[in-house]
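Scroll down for the structure; my scribbles are underneath it.
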Amino acid sequence: MTHALSTNALSKTYSNGFEALKAVDLKVEKGDFFALLGSNGAGKTTAIGIICGLITPTSGSVEIDGLNQGKNINEVKRKIGLMPQEFNFNPHEPNIEILINQAGYFGINRKEATLRAEVLLKKVNLWDRRLEVPQSLSGGMKRRLMLARALMHNPEILILDEPTAGVDVEIRRSMWRFLKQLNQEGLTIILTTHYLEEAESMCRNIAILNEGEIVAQSSMKALLKKAKHQVLIFECVESLSNSIKIKNCECEVLDAHTLQVTLPESTTISAVITKLLLQNVSVANIRSAQNRLENLFLSLTSKDE
Amino acid sequence: MWIAYQTIVVKEILRFARIWVQTIVPPVVTTSLYLLIFGGLMGERIGHMQGIDYLHFIVPGIILMTVIMQSYANTVSSFFMTKYNHSFEELLVSPIPNWIILLGFVSGGVVRGLCVGLAVTFSISFFVEISIYSYSILALSFLLTSVMFALAGFINAIFAKSFDDISIVPTFVLLPLTYLGGMFYSIDILPSFWRSLSAFNPIYYMMDGFRLGMLGVGSTDLYLAFIVPLLMIVMLVAVALYLLKKGVNTKT
C-alpha cells in the first residue's frame with residue numbers, strides 16, 4: 001500500500017554534532033489525521049523540515065505518495081502544504097499578496113490565486129484584514145494566515161507544526177473544526193502540538209519522538225490502551241472524610257466535596273462509584289484530572305524511566 | 001515556471017516601489033549634488049576631458065554608478081531580508097528551480113537599476129542637455145552592468161549573516177572601485193602604473209562602454225566593455241547557483 005508519507009531511517013546530525021534524528025521510520029496513511037508528538041528538541045521540527053525540503057538529511061530517505069523526495073523534489077513539494085512553527089512571511093507585504101504570491105510560486109495564475117485567497121481568507125476569518133500587513137495581526141491571526149497560505153496550492157498533505165500555539169480558545173476550536181472538515185474531504189494532516197488533549201481527540205494515528213527516536217507509533221486507540229492508569233476527579237454530594245479508601249486505587253481528598261482517584265487499568269469507573277456509595281458518598285460529577293495521552297507521553301519521554 | 005518567475009519579479013518591483021522614498025529619491029538627490037559640485041562649480045576649472053567639457057563627461061559615470069549601486073542594493077537587501085524574516089522558506093517549499101529564483105531576484109535588481117537610472121537621467125537633464133551617441137551600446141552596457149551587480153548583490157546576501165555584512169561590500173569594495181573606474185576622469189590622464197592597475201577593475205570597462213554609448217568617446221576597445229562583464233556574469237551565475245544548490249546559509 002502506498003503511504004501518503006513514509007520515511008526510511010531518516011537521520012540528521014547538525015554541524016555542531018547534535019543528533020536531531022536517529023534513523024526515524026515514519027508511516028502515515030493517506031487521509032490520516034496523524035499526530036507527531038515529542039517534547040521540545042525531540043526532533044519534530046527537524047523531521048518536518050526534511051520532509052518539506054527545508055533541511056537536508058544526513059542519511060535516510062523520504063517518500064511522499066510513493067515518490068522518492070530526493071529524485072522528485074518538485075513533484076513532492078506540490079503535494080505538501082506546510083504551516084511552520086515560526087512566522088515566516090514578509091511582515092510588510094499585504095496579507096492577500098502573501099497568499100497570491102505563494103500560489104504564484106506553485107504556478108497558479110494571479111486570477112485563480114486571487115479567487116482561492118478570497119475563499120481561504122474568509123474560511124480563516126481574515127478577509128477583513130486582507131489589505132493589512134502581518135505586522136498588524138495578532139499571533140493567532142498570523143497562524144491562521146499561515147494556514148491559509150499552506151492551503152493555497154491545494155496540497156494532498158498538510159503539515160502543521162504547532163498550529164494553535166498562542167491561539168485563543170474560540171479561534172482554536174474554529175481552526176480544529178476547519179481542519180477536521182479538510183480531513184473529512186480527504187486531506188492527509190500531520191500535526192505536531194503541545195495540546196495533547198486535542199491531539200487525542202483529533203488524530204487517528206500517532207508517533208511519539210523522544211531525543212530523535214520514535215518511541216511509540218500506532219493508532220491512537222491502541223496507544224491509549226497502554227495507558228496504565230487514569231486520574232479522575234469525583235465531585236461528591238456529601239462532605240468527604242480523609243478516611244475514604246478504594247481498593248487498588250489511590251485516593252486524595254482535594255477539598256470537602258472533591259476527591260481525586262487514580263484508577264489502575266483493571267478498575268472500572270462504575271466500581272469506584274459503587275465503592276463510594278458503600279461509604280455513603282454519592283457522586284454528582286466526574287471529570288478527567290489529567291489527559292490520558294499526557295500521562296502516557298510523559299511515561300514514554302521521561303528521562304527518569 | 002513562467003508564473004513563478006513573474007511572481008518573484010512583480011514582488012521585487014512592488015517592494016522597492018513601496019519604499020520609493022528610500023530607494024528612488026536619495027540617488028536622485030545625491031547625483032544632482034554631484035553634478036552641481038563636481039560639474040557645475042569645479043568643472044569649469046577642470047576644463048575638458050577626452051575632448052568633452054567636464055560637466056558632460058561625468059554624466060555617464062554618475063548614471064552608471066547609480067545603476068551599479070541600485071542593482072546591487074536591491075538584490076542584497078531584498079534577498080538578505082527574505083533570509084532574515086525566513087520568508088525565503090516560502091520559496092524553498094515551492095517547486096521553483098534555483099535558476100528561476102536567481103533570475104527573479106536579478107531581474108528585480110535590473111528593473112530597480114533601470115528605474116533609478118532613468119530618474120537620475122531625468123534630474124540630470126535639468127543641468128545638462130542629454131545626448132545619446134548609440135542607444136544599442138548604451139542599452140547593452142546598462143544591461144550587462146546591472147545584471148552583473150545584481151548577481152554580486154545576491155551572492156553577498158547569501159553569505160551575509162547580519163546587516164553589517166550587507167553594507168561592507170558596497171562601502172569598502174564597490175564604491176572605491178566605482179570611483180577608481182573612471183567615473184570622474186579618463187584613465188588616460190593617470191600615470192602608467194595606475195593606468196595598468198585600472199585594467200584589473202571590471203567597472204572601468206563598463207564605465208568606458210557606457211560613456212562611449214552616451215558621448216561617443218572611450219579609452220579602450222568596445223568589445224572589452226562587453227566581454228569583461230559577460231565573463232563576470234557567467235562566473236557569478238555559476239557561483240550563485242552552486243551556493244543555492246548547496247543551500248549555503250539558506251538550508252540547514
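Ordered as shown in the C-alpha cells, chains take letters A, B, and onward, while each chain numbers its residues from 1 and ligands are numbered from 1 in the order shown.
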
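Excluding A:Glu198 itself and same-chain residues fewer than 6 positions from it, the residues having an atom within 10 Å of it are Ala35, Arg173, Trp176, Asn291 and Leu293 of chain A, counting only C-alpha atoms.
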
Discussion item. Can you pull out every residue from stretch 33-223 of chain B that DSSP, working from the backbone, puts in alpha helix (DSSP H), and format the result as number ranges by chain?
Written reply: B: 33-34, 43-46, 54-84, 88-92, 98-124, 135-159, 163-169, 175-178, 192-198, 202-215, 222-223

Item to complete: Write out as a list in words the residues lying within 10 Å of B:Phe80, counting only C-alpha atoms and excluding same-chain residues fewer than 2 positions away.
Response: Asn74, Thr75, Val76, Ser77, Ser78, Thr82, Lys83, Tyr84, Asn85, His86, Phe88, Gly153, Phe154, Ile155, Asn156, Ala157, Ile158, Phe159, Ala160, Lys161, Ser162, Phe163, Asp165 and Ile166 of chain B

Item to complete: Based on DSSP run over this structure's backbone, return all residues of stretch 111-199 of chain A in strand (DSSP E or B), as an NGL selection string.
Response: :A and (157-161 or 188-192)

Selection file, C-alpha atoms, as a CSV table (one decimal), in the first residue's frame:
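For reference, out07.csv as written:
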```
chain,number,residue,atom,x,y,z
A,157,ILE,CA,-0.7,16.5,2.7
A,158,LEU,CA,-1.0,19.4,5.2
A,159,ILE,CA,1.8,19.6,7.8
A,160,LEU,CA,1.0,21.7,10.8
A,161,ASP,CA,3.8,22.5,13.2
A,188,THR,CA,-3.9,14.0,5.0
A,189,ILE,CA,-3.0,16.0,8.0
A,190,ILE,CA,0.2,15.6,10.0
A,191,LEU,CA,0.2,17.6,13.2
A,192,THR,CA,2.6,18.5,16.0
```

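If you measure from each of B:Ile3, B:Leu190, B:Leu36, B:Leu230 to B:Phe127 using only C-alpha atoms, the closest one turns out to be B:Leu36.
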
Item to complete: Find the residues near stretch 263-274 of chain A: any atom within 12 Å, counting only C-alpha atoms, skip ones fewer than 6 places away on the same chain, and give them as a PyMOL selection string.
Response: chain A and resi 224-236+244-252+280-290+292

Practice prompt. Might you pull out every residue within 9 Å of B:Pro170, with only C-alpha atoms counted and same-chain residues fewer than 4 positions away left off, and present them as a ChimeraX atom specification?
Written response: /B:69,72-73,153,166,174-176

Could you please select, counting only C-alpha atoms, the residues of chain A within 9 Å of chain B and state them as a PDB file with C-alpha atoms, in the first residue's frame?
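This went into iface-v7.pdb:
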```pdb
ATOM      1  CA  TYR A  14      23.735  19.165  12.699  1.00  0.00           C
ATOM      2  CA  SER A  15      27.149  20.728  12.139  1.00  0.00           C
ATOM      3  CA  CYS A  52       9.339  19.742   3.221  1.00  0.00           C
ATOM      4  CA  GLY A  53      12.814  20.225   1.738  1.00  0.00           C
ATOM      5  CA  LEU A  54      13.945  22.933   4.158  1.00  0.00           C
ATOM      6  CA  ILE A  55      16.566  20.761   5.831  1.00  0.00           C
ATOM      7  CA  THR A  56      18.951  18.333   4.185  1.00  0.00           C
ATOM      8  CA  PRO A  57      19.002  14.932   5.902  1.00  0.00           C
ATOM      9  CA  ILE A  73      11.643  17.066  -5.273  1.00  0.00           C
ATOM     10  CA  ASN A  74       9.393  19.425  -7.228  1.00  0.00           C
ATOM     11  CA  GLU A  75       6.572  16.901  -7.622  1.00  0.00           C
ATOM     12  CA  VAL A  76       6.808  16.146  -3.920  1.00  0.00           C
ATOM     13  CA  LYS A  77       6.701  19.826  -2.987  1.00  0.00           C
ATOM     14  CA  ARG A  78       3.461  20.247  -4.932  1.00  0.00           C
ATOM     15  CA  ILE A  80       2.772  19.229   0.588  1.00  0.00           C
ATOM     16  CA  GLY A  81       1.417  22.300   2.326  1.00  0.00           C
ATOM     17  CA  LEU A  82       3.412  23.479   5.333  1.00  0.00           C
ATOM     18  CA  GLU A  86       7.765  30.185  13.323  1.00  0.00           C
ATOM     19  CA  PHE A  87       6.226  33.073  11.388  1.00  0.00           C
ATOM     20  CA  ASN A  88       7.994  33.193   8.058  1.00  0.00           C
ATOM     21  CA  PHE A  89       6.463  35.843   5.890  1.00  0.00           C
ATOM     22  CA  ASN A  90       7.457  39.310   4.841  1.00  0.00           C
ATOM     23  CA  PRO A  91       5.920  41.453   7.600  1.00  0.00           C
ATOM     24  CA  HIS A  92       5.471  44.398   5.216  1.00  0.00           C
ATOM     25  CA  GLU A  93       3.563  42.604   2.464  1.00  0.00           C
ATOM     26  CA  GLU A  97      -0.468  39.332  -1.525  1.00  0.00           C
ATOM     27  CA  ILE A 100      -1.343  35.163  -4.024  1.00  0.00           C
ATOM     28  CA  ASN A 101       2.450  35.113  -4.261  1.00  0.00           C
ATOM     29  CA  GLN A 102       2.645  31.701  -2.620  1.00  0.00           C
ATOM     30  CA  ALA A 103       0.211  30.384  -5.214  1.00  0.00           C
ATOM     31  CA  GLY A 104       2.326  32.049  -7.906  1.00  0.00           C
ATOM     32  CA  TYR A 105       5.383  30.114  -6.736  1.00  0.00           C
ATOM     33  CA  PHE A 106       3.355  26.967  -7.382  1.00  0.00           C
ATOM     34  CA  GLY A 107       2.497  28.114 -10.900  1.00  0.00           C
ATOM     35  CA  ILE A 108      -1.070  29.249 -10.190  1.00  0.00           C
ATOM     36  CA  ASN A 109      -2.004  32.341 -12.160  1.00  0.00           C
ATOM     37  CA  ARG A 110      -2.946  35.538 -10.375  1.00  0.00           C
TER      38      ARG A 110
END
```

Using only C-alpha atoms, which protein or nucleic acid residues come within 7 Å of B:Gly117? Drop anything in the same chain fewer than 6 positions from it, and give the result as a PDB file with N, CA and C atoms, in the first residue's frame.
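Dumped everything to result.pdb:
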```pdb
ATOM      1  N   ILE B  63      25.485  58.310 -13.864  1.00  0.00           N
ATOM      2  CA  ILE B  63      24.316  57.445 -14.126  1.00  0.00           C
ATOM      3  C   ILE B  63      24.682  55.977 -13.881  1.00  0.00           C
ATOM      4  N   THR B  66      25.025  55.006 -10.306  1.00  0.00           N
ATOM      5  CA  THR B  66      23.698  54.813  -9.703  1.00  0.00           C
ATOM      6  C   THR B  66      23.149  53.429 -10.051  1.00  0.00           C
ATOM      7  N   VAL B  67      23.306  53.059 -11.318  1.00  0.00           N
ATOM      8  CA  VAL B  67      22.816  51.741 -11.752  1.00  0.00           C
ATOM      9  C   VAL B  67      23.521  50.633 -10.968  1.00  0.00           C
TER      10      VAL B  67
END
```

Practice prompt. Would you list the contacts of B:Met235 as a PyMOL selection string, taking every protein, DNA or RNA residue within 12 Å and counting only C-alpha atoms, but skipping same-chain residues closer than 5 positions in sequence?
Written response: chain B and resi 148+151-152+155+228-230+240-242

Item to complete: Work out how far atom CA of B:Val128 is from atom CA of B:Gly47, in Å to one decimal.
Response: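 We find that atom CA of B:Gly47 and atom CA of B:Val128 lie 15.5 Å from each other.
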
Worksheet item: Which residue out of A:Leu187, A:Ile208, A:Leu276, A:Ile96 has the minimum interatomic distance to A:Val261 when only C-alpha atoms are used?
Response: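 Of the candidates, the smallest distance to A:Val261 is held by A:Leu276.
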